[in-house]
$ cat model_31.txt   # compact mmCIF, C-alpha atoms and all ligand atoms
# COMPACT_ATOMS: atom_id res chain seq x y z
CA MET A 1 0.00 0.00 0.00
CA ARG A 2 1.01 3.63 -0.43
CA LEU A 3 2.72 5.37 2.49
CA ASP A 4 0.05 8.13 2.58
CA LYS A 5 -2.70 5.47 2.85
CA TYR A 6 -0.83 3.67 5.65
CA LEU A 7 -0.74 6.92 7.63
CA SER A 8 -4.30 8.01 6.84
CA ASP A 9 -5.64 4.55 7.83
CA MET A 10 -3.98 5.13 11.20
CA ASN A 11 -5.71 8.55 11.46
CA VAL A 12 -2.52 10.59 11.30
CA GLY A 13 -4.20 13.01 8.87
CA THR A 14 -6.09 13.24 5.60
CA ARG A 15 -4.45 11.92 2.44
CA LYS A 16 -4.09 15.54 1.21
CA GLU A 17 -2.43 16.80 4.41
CA LEU A 18 -0.20 13.74 4.51
CA LYS A 19 1.07 14.18 0.96
CA THR A 20 2.30 17.66 1.87
CA LYS A 21 3.85 16.55 5.17
CA ILE A 22 5.56 13.48 3.69
CA ARG A 23 7.13 15.71 1.00
CA LYS A 24 8.48 17.93 3.81
CA GLY A 25 10.41 14.90 5.15
CA VAL A 26 8.66 14.16 8.48
CA VAL A 27 8.32 10.41 7.81
CA THR A 28 10.85 7.61 8.15
CA VAL A 29 10.45 3.99 7.05
CA ASP A 30 12.87 1.49 8.62
CA GLY A 31 15.13 4.38 9.57
CA ALA A 32 15.26 6.05 6.12
CA ARG A 33 13.61 9.44 5.51
CA ILE A 34 10.97 9.02 2.76
CA THR A 35 9.53 12.00 0.86
CA ASP A 36 7.43 10.15 -1.73
CA PRO A 37 3.75 9.81 -0.59
CA GLY A 38 3.34 6.89 -3.02
CA PHE A 39 6.26 4.94 -1.51
CA SER A 40 5.17 1.32 -1.22
CA VAL A 41 4.90 -0.29 2.24
CA LYS A 42 3.67 -3.73 3.32
CA GLY A 43 2.50 -2.78 6.81
CA ASP A 44 5.18 -4.56 8.84
CA GLU A 45 7.84 -1.82 8.54
CA SER A 46 8.89 0.48 11.34
CA VAL A 47 7.32 3.84 10.40
CA THR A 48 7.67 7.14 12.26
CA PHE A 49 5.75 10.39 11.70
CA GLU A 50 7.24 13.55 13.24
CA GLY A 51 9.37 11.25 15.39
CA GLN A 52 6.44 9.15 16.72
CA PRO A 53 6.20 5.44 15.83
CA ILE A 54 3.01 4.63 13.88
CA HIS A 55 2.09 0.92 13.98
CA TYR A 56 -0.28 -0.37 11.34
CA HIS A 57 -3.21 -2.57 12.26
CA THR A 58 -5.37 -3.92 9.50
CA PHE A 59 -8.58 -4.32 11.48
CA GLU A 60 -10.31 -2.29 14.15
CA TYR A 61 -13.21 -3.39 16.34
CA TYR A 62 -15.45 -1.20 18.48
CA MET A 63 -18.38 -1.89 20.78
CA LEU A 64 -21.04 0.83 20.69
CA ASN A 65 -23.99 1.13 23.05
CA LYS A 66 -26.33 2.50 20.41
CA PRO A 67 -28.72 5.18 21.63
CA ALA A 68 -32.25 5.66 20.27
CA GLY A 69 -32.68 8.20 17.46
CA VAL A 70 -29.49 7.30 15.57
CA ILE A 71 -29.59 5.28 12.35
CA THR A 72 -27.49 2.21 11.62
CA ALA A 73 -25.72 3.41 8.48
CA THR A 74 -22.27 4.68 7.56
CA GLU A 75 -23.42 8.08 6.31
CA ASP A 76 -26.57 10.08 5.84
CA LYS A 77 -27.19 13.66 4.72
CA ARG A 78 -29.88 14.42 7.29
CA GLN A 79 -29.73 11.95 10.15
CA GLN A 80 -26.99 11.13 12.63
CA THR A 81 -25.47 7.70 12.04
CA VAL A 82 -23.78 5.22 14.38
CA ILE A 83 -20.49 5.91 12.57
CA ASP A 84 -20.85 9.68 13.26
CA LEU A 85 -20.87 8.78 16.98
CA LEU A 86 -17.25 7.58 16.70
CA GLY A 87 -16.11 11.16 15.99
CA LYS A 88 -14.13 12.79 13.21
CA ASP A 89 -10.79 11.08 13.93
CA ARG A 90 -12.14 7.67 13.10
CA ARG A 91 -10.82 5.46 10.38
CA LYS A 92 -12.81 5.88 7.17
CA ASP A 93 -13.53 2.24 6.27
CA LEU A 94 -15.56 1.35 9.40
CA PHE A 95 -19.09 -0.02 9.16
CA PRO A 96 -21.70 -1.47 11.55
CA VAL A 97 -22.14 -5.26 11.70
CA GLY A 98 -25.83 -5.83 11.06
CA ARG A 99 -28.59 -3.36 11.70
CA LEU A 100 -30.57 -2.10 14.66
CA ASP A 101 -33.74 -0.03 14.11
CA LYS A 102 -33.55 3.69 14.78
CA ASN A 103 -35.31 3.33 18.14
CA THR A 104 -33.47 0.13 19.20
CA VAL A 105 -30.62 0.59 21.69
CA GLY A 106 -27.72 -1.57 22.83
CA LEU A 107 -24.88 -3.63 21.46
CA LEU A 108 -23.59 -2.77 18.02
CA LEU A 109 -20.24 -3.97 16.73
CA ILE A 110 -18.38 -1.61 14.39
CA THR A 111 -15.40 -2.80 12.38
CA ASN A 112 -13.65 -2.75 9.02
CA ASP A 113 -13.27 -6.55 9.04
CA GLY A 114 -15.47 -7.78 6.19
CA ASP A 115 -14.84 -11.48 6.89
CA LEU A 116 -16.00 -11.14 10.50
CA ASN A 117 -19.08 -9.27 9.30
CA HIS A 118 -19.87 -12.15 6.98
CA ARG A 119 -19.27 -14.81 9.65
CA LEU A 120 -21.53 -13.08 12.18
CA LEU A 121 -24.36 -12.31 9.78
CA SER A 122 -24.39 -15.31 7.48
CA PRO A 123 -27.82 -17.00 7.81
CA LYS A 124 -26.05 -20.37 7.80
CA LYS A 125 -23.99 -19.55 10.92
CA HIS A 126 -27.00 -18.91 13.21
CA VAL A 127 -25.18 -16.62 15.64
CA ASP A 128 -27.39 -16.03 18.71
CA LYS A 129 -28.53 -12.47 19.33
CA LYS A 130 -30.09 -11.78 22.71
CA TYR A 131 -32.42 -8.84 23.34
CA TYR A 132 -34.24 -7.39 26.31
CA ALA A 133 -37.63 -5.86 25.48
CA LYS A 134 -40.69 -4.26 26.97
CA ILE A 135 -43.97 -5.40 25.48
CA ASP A 136 -47.31 -3.61 25.53
CA GLY A 137 -49.61 -6.24 27.07
CA CYS A 138 -49.30 -9.61 28.77
CA VAL A 139 -46.87 -12.11 27.20
CA THR A 140 -48.04 -15.67 27.92
CA GLU A 141 -46.62 -19.21 28.05
CA ALA A 142 -48.49 -19.79 24.77
CA ASP A 143 -46.29 -17.06 23.21
CA VAL A 144 -43.19 -18.77 24.66
CA ASP A 145 -44.27 -22.04 22.97
CA ALA A 146 -45.08 -20.30 19.69
CA PHE A 147 -41.62 -18.67 19.62
CA ALA A 148 -39.98 -22.02 20.45
CA LYS A 149 -41.74 -23.77 17.58
CA GLY A 150 -40.77 -21.17 14.95
CA LEU A 151 -43.34 -18.48 14.28
CA ARG A 152 -44.93 -17.96 10.92
CA ILE A 153 -44.66 -14.18 10.61
CA ASP A 154 -46.06 -13.58 7.13
CA GLU A 155 -46.08 -14.99 3.59
CA GLU A 156 -42.32 -14.58 3.29
CA LEU A 157 -41.00 -15.28 6.76
CA THR A 158 -41.20 -18.17 9.16
CA ALA A 159 -38.80 -17.40 12.00
CA LEU A 160 -36.40 -20.05 13.25
CA PRO A 161 -37.18 -21.31 16.77
CA ALA A 162 -36.41 -18.56 19.29
CA THR A 163 -36.05 -18.62 23.08
CA LEU A 164 -38.50 -16.31 24.81
CA GLU A 165 -38.18 -15.78 28.55
CA ILE A 166 -40.78 -13.83 30.54
CA LEU A 167 -39.08 -11.71 33.22
CA THR A 168 -41.93 -9.74 34.84
CA PHE A 169 -45.45 -8.51 34.21
CA ARG A 170 -47.02 -5.41 35.77
CA ASP A 171 -50.63 -4.21 35.41
CA GLU A 172 -49.68 -0.58 35.70
CA ALA A 173 -47.08 1.05 33.45
CA THR A 174 -44.34 2.89 35.40
CA ALA A 175 -43.00 6.38 34.64
CA SER A 176 -39.97 4.79 32.99
CA ASP A 177 -42.24 2.61 30.76
CA LYS A 178 -44.05 5.77 29.66
CA GLU A 179 -40.75 7.47 28.91
CA ASP A 180 -39.59 4.49 26.82
CA LEU A 181 -42.91 4.52 24.98
CA LEU A 182 -42.19 8.07 23.76
CA THR A 183 -39.19 6.90 21.70
CA SER A 184 -41.12 3.93 20.26
CA GLU A 185 -43.04 3.67 16.99
CA HIS A 186 -46.38 3.92 18.84
CA PRO A 187 -45.93 6.79 21.32
CA GLU A 188 -49.68 7.33 21.41
CA SER A 189 -50.31 3.88 22.91
CA THR A 190 -51.66 3.83 26.50
CA LEU A 191 -50.09 0.60 27.85
CA SER A 192 -53.51 0.00 29.42
CA SER A 193 -53.19 -3.83 29.37
CA GLY A 194 -49.97 -3.77 31.37
CA VAL A 195 -46.32 -4.25 30.47
CA THR A 196 -44.24 -7.44 30.18
CA GLU A 197 -40.45 -7.41 30.36
CA ILE A 198 -38.89 -10.25 28.38
CA CYS A 199 -35.62 -11.56 26.97
CA VAL A 200 -35.59 -13.15 23.55
CA THR A 201 -32.79 -14.91 21.70
CA ILE A 202 -32.96 -15.20 17.93
CA ARG A 203 -30.57 -16.94 15.54
CA GLU A 204 -31.22 -14.85 12.45
CA GLY A 205 -31.57 -11.15 11.84
CA LYS A 206 -34.33 -10.33 9.41
CA PHE A 207 -35.65 -6.78 9.04
CA HIS A 208 -37.65 -5.75 12.18
CA GLN A 209 -37.52 -9.40 13.20
CA ILE A 210 -38.43 -9.15 16.87
CA LYS A 211 -41.12 -6.53 16.35
CA ARG A 212 -42.62 -8.71 13.61
CA MET A 213 -42.49 -11.82 15.80
CA PHE A 214 -44.45 -10.06 18.55
CA HIS A 215 -46.83 -8.64 15.96
CA ALA A 216 -47.51 -12.21 14.85
CA VAL A 217 -48.79 -12.99 18.39
CA GLY A 218 -50.76 -9.70 18.52
CA LYS A 219 -48.38 -7.63 20.66
CA GLU A 220 -46.23 -4.52 20.31
CA VAL A 221 -42.60 -4.04 21.33
CA PHE A 222 -42.10 -0.53 22.68
CA TYR A 223 -38.53 -0.81 23.96
CA LEU A 224 -35.81 -3.00 22.51
CA LYS A 225 -32.20 -3.39 23.58
CA ARG A 226 -29.61 -5.81 22.20
CA LEU A 227 -27.62 -7.44 25.00
CA SER A 228 -25.33 -9.82 23.15
CA MET A 229 -24.25 -11.16 19.80
CA GLY A 230 -22.58 -14.57 19.82
CA ARG A 231 -20.22 -14.47 22.81
CA LEU A 232 -19.87 -10.69 22.70
CA VAL A 233 -21.82 -9.11 25.57
CA LEU A 234 -22.71 -5.41 25.93
CA ASP A 235 -20.39 -3.85 28.52
CA PRO A 236 -22.68 -2.63 31.35
CA ALA A 237 -20.22 0.21 32.04
CA LEU A 238 -20.82 1.66 28.56
CA ALA A 239 -23.47 4.40 28.67
CA GLU A 240 -25.86 4.81 25.71
CA GLY A 241 -24.03 6.68 22.95
CA SER A 242 -20.58 5.59 24.25
CA TRP A 243 -18.15 3.22 22.58
CA ARG A 244 -14.81 1.57 23.24
CA PRO A 245 -12.38 -0.66 21.33
CA LEU A 246 -12.93 -4.38 21.86
CA THR A 247 -10.40 -6.05 24.14
CA GLU A 248 -8.02 -8.68 22.73
CA GLU A 249 -10.10 -11.31 24.56
CA GLU A 250 -13.36 -10.09 22.96
CA ILE A 251 -11.78 -10.15 19.49
CA ARG A 252 -10.56 -13.71 20.13
CA MET A 253 -14.06 -14.73 21.27
CA LEU A 254 -15.60 -13.42 18.06
CA ASN A 255 -13.17 -15.44 16.02
CA THR A 256 -13.79 -18.76 17.79
N1 LIG B 1 -35.51 -6.85 15.76
C1 LIG B 1 -36.20 -5.69 15.57
O1 LIG B 1 -37.41 -5.71 15.41
N2 LIG B 1 -35.51 -4.55 15.58
C2 LIG B 1 -34.18 -4.46 15.79
O2 LIG B 1 -33.61 -3.36 15.81
C3 LIG B 1 -33.49 -5.67 15.99
C4 LIG B 1 -34.17 -6.85 15.97

$ encode --input "model_31.txt" --output "structure tokens" --more "lines below"
Ligand code: URA
Amino acid sequence: MRLDKYLSDMNVGTRKELKTKIRKGVVTVDGARITDPGFSVKGDESVTFEGQPIHYHTFEYYMLNKPAGVITATEDKRQQTVIDLLGKDRRKDLFPVGRLDKNTVGLLLITNDGDLNHRLLSPKKHVDKKYYAKIDGCVTEADVDAFAKGLRIDEELTALPATLEILTFRDEATASDKEDLLTSEHPESTLSSGVTEICVTIREGKFHQIKRMFHAVGKEVFYLKRLSMGRLVLDPALAEGSWRPLTEEEIRMLNT
């Protein structure tokens, strides 16, 4: 790869700025001063920029606790995207792995590793995705059985068997339920038949899958949070809208 790309991938500057700086002689490769921005490097050389060593890493991995109101896309003219949340100094080839709806919160993996993206999303791999949700109404054992059997959602989609776990039911919605309802797709709903908190684990990731599964049993999801994807679990210390690089251990877990 070109020396200016090596440095811009590592966020040292834009390609344009780097071309000028490299020509000024601020870069060394294996001890030799290089002034050609197109100088070819493999990635394993010892590179310095203004005296600082710059190590190349091919892949980057971030865990984001996605907030509501942000879309899962790399760029958009009008709406804030999950990639915007990483700030301006981010590497330019990052993308989100899979998609969460605008009002869904929780675990989102962001990377530039296309193979990992494929492994985690391939329908054949059946990577478990666990969600916590609040449901308008009373979720029953009959719903648990229906999810376990594999729900027929519509003409096109029969969901694979999913594990539904009922956590609690309350007759009266709390203030926090009402607040969550405001960011949902049905803010005008009254939650008059009570609220059920559930966890559900699915092995595929079709468009609006969980909302459609509950629809198929006559219920609405009004709060949805992804807790885990495969063995990667949302860090409870990460506030909504915050992100951090994955640890070495987490990267290893994703690859096994
Ligand atoms: N299922 C949904 O309905 N929405 C999401 O964002 C994720 C899973």

$ closest_residue --input "model_31.txt" --among "A:Glu172, A:Glu17, A:Glu60, A:Glu204" --to "Ile251 of chain A" --atoms "only C-alpha atoms"
A:Glu60

$ atom_distance --input "model_31.txt" --atom1 "atom CA of Gln80 of chain A" --atom2 "atom CA of Gly241 of chain A"
11.6 Å

$ closest_residue --input "model_31.txt" --among "A:Ala142, A:Leu234, A:Lys129, A:Pro161" --to "ligand LIG 1 (chain B)" --atoms "all atoms listed in the file"
A:Lys129

$ residues_near_ligand --input "model_31.txt" --ligand "ligand LIG 1 (chain B)" --cutoff "9 Å" --atoms "all atoms listed in the file" --output "list in words"
Arg99, Leu100, Asp101, Lys102, Asn103, Thr104, Val105, Lys129, Tyr131, Ile202, Gly205, Lys206, Phe207, His208, Gln209, Ile210, Lys211, Arg212, Met213, Phe214, Val221, Leu224, Lys225 and Arg226 of chain A

$ closest_residue --input "model_31.txt" --among "A:Leu7, A:Leu121, A:Leu191, A:Leu151" --to "His55 of chain A" --atoms "all atoms listed in the file"
A:Leu7

$ residues_near_point --input "model_31.txt" --point "(-45.8, -11.0, 29.2)" --cutoff "6 Å" --atoms "all atoms listed in the file" --output "PDB file with C-alpha atoms, in the coordinates of the input"
ATOM      1  CA  CYS A 138     -49.300  -9.610  28.770  1.00  0.00           C
ATOM      2  CA  VAL A 139     -46.870 -12.110  27.200  1.00  0.00           C
ATOM      3  CA  THR A 140     -48.040 -15.670  27.920  1.00  0.00           C
ATOM      4  CA  ILE A 166     -40.780 -13.830  30.540  1.00  0.00           C
ATOM      5  CA  PHE A 169     -45.450  -8.510  34.210  1.00  0.00           C
ATOM      6  CA  THR A 196     -44.240  -7.440  30.180  1.00  0.00           C
TER       7      THR A 196
END

$ atom_distance --input "model_31.txt" --atom1 "atom CA of Gln52 of chain A" --atom2 "atom CA of Leu86 of chain A"
23.7 Å

$ closest_residue --input "model_31.txt" --among "A:Thr111, A:Asn65, A:Ser193, A:Ser184" --to "Asp235 of chain A" --atoms "all atoms listed in the file"
A:Asn65

$ closest_residue --input "model_31.txt" --among "A:Ala146, A:Leu94, A:Val233, A:Ile54" --to "Asn117 of chain A" --atoms "only C-alpha atoms"
A:Leu94

$ closest_residue --input "model_31.txt" --among "A:Asp180, A:Glu248, A:Asp4, A:Glu75" --to "Asp93 of chain A" --atoms "all atoms listed in the file"
A:Glu75

$ residues_around --input "model_31.txt" --residues "Asn112 of chain A" --least-positions-apart "4" --cutoff "10 Å" --atoms "only C-alpha atoms" --output "VMD selection string"
chain A and resid 58 to 62 91 to 97 116 to 117

$ residues_around --input "model_31.txt" --residues "Phe39 of chain A" --least-positions-apart "3" --cutoff "10 Å" --atoms "all atoms listed in the file" --output "VMD selection string"
chain A and resid 1 to 5 29 34 to 36

$ residues_around --input "model_31.txt" --residues "segment 82-85 of chain A" --least-positions-apart "3" --cutoff "9 Å" --atoms "all atoms listed in the file" --output "list in words"
Leu64, Lys66, Pro67, Val70, Ile71, Thr72, Ala73, Thr74, Glu75, Lys88, Arg90, Leu94, Phe95, Pro96, Leu108, Ile110, Gly241, Ser242 and Trp243 of chain A

$ residues_around --input "model_31.txt" --residues "Arg203 of chain A" --least-positions-apart "4" --cutoff "12 Å" --atoms "all atoms listed in the file" --output "list in words"
Leu120, Leu121, Ser122, Pro123, Lys124, Lys125, His126, Val127, Asp128, Lys129, Lys130, Tyr131, Phe147, Ala148, Gly150, Ala159, Leu160, Pro161, Ala162, Thr163, Gln209, Ile210, Ser228, Met229 and Gly230 of chain A

$ residues_around --input "model_31.txt" --residues "Glu188 of chain A" --least-positions-apart "3" --cutoff "12 Å" --atoms "all atoms listed in the file" --output "number ranges by chain"
A: 136, 178-185, 191-192, 222

$ atom_distance --input "model_31.txt" --atom1 "atom CA of Asp177 of chain A" --atom2 "atom CA of Tyr223 of chain A"
8.5 Å
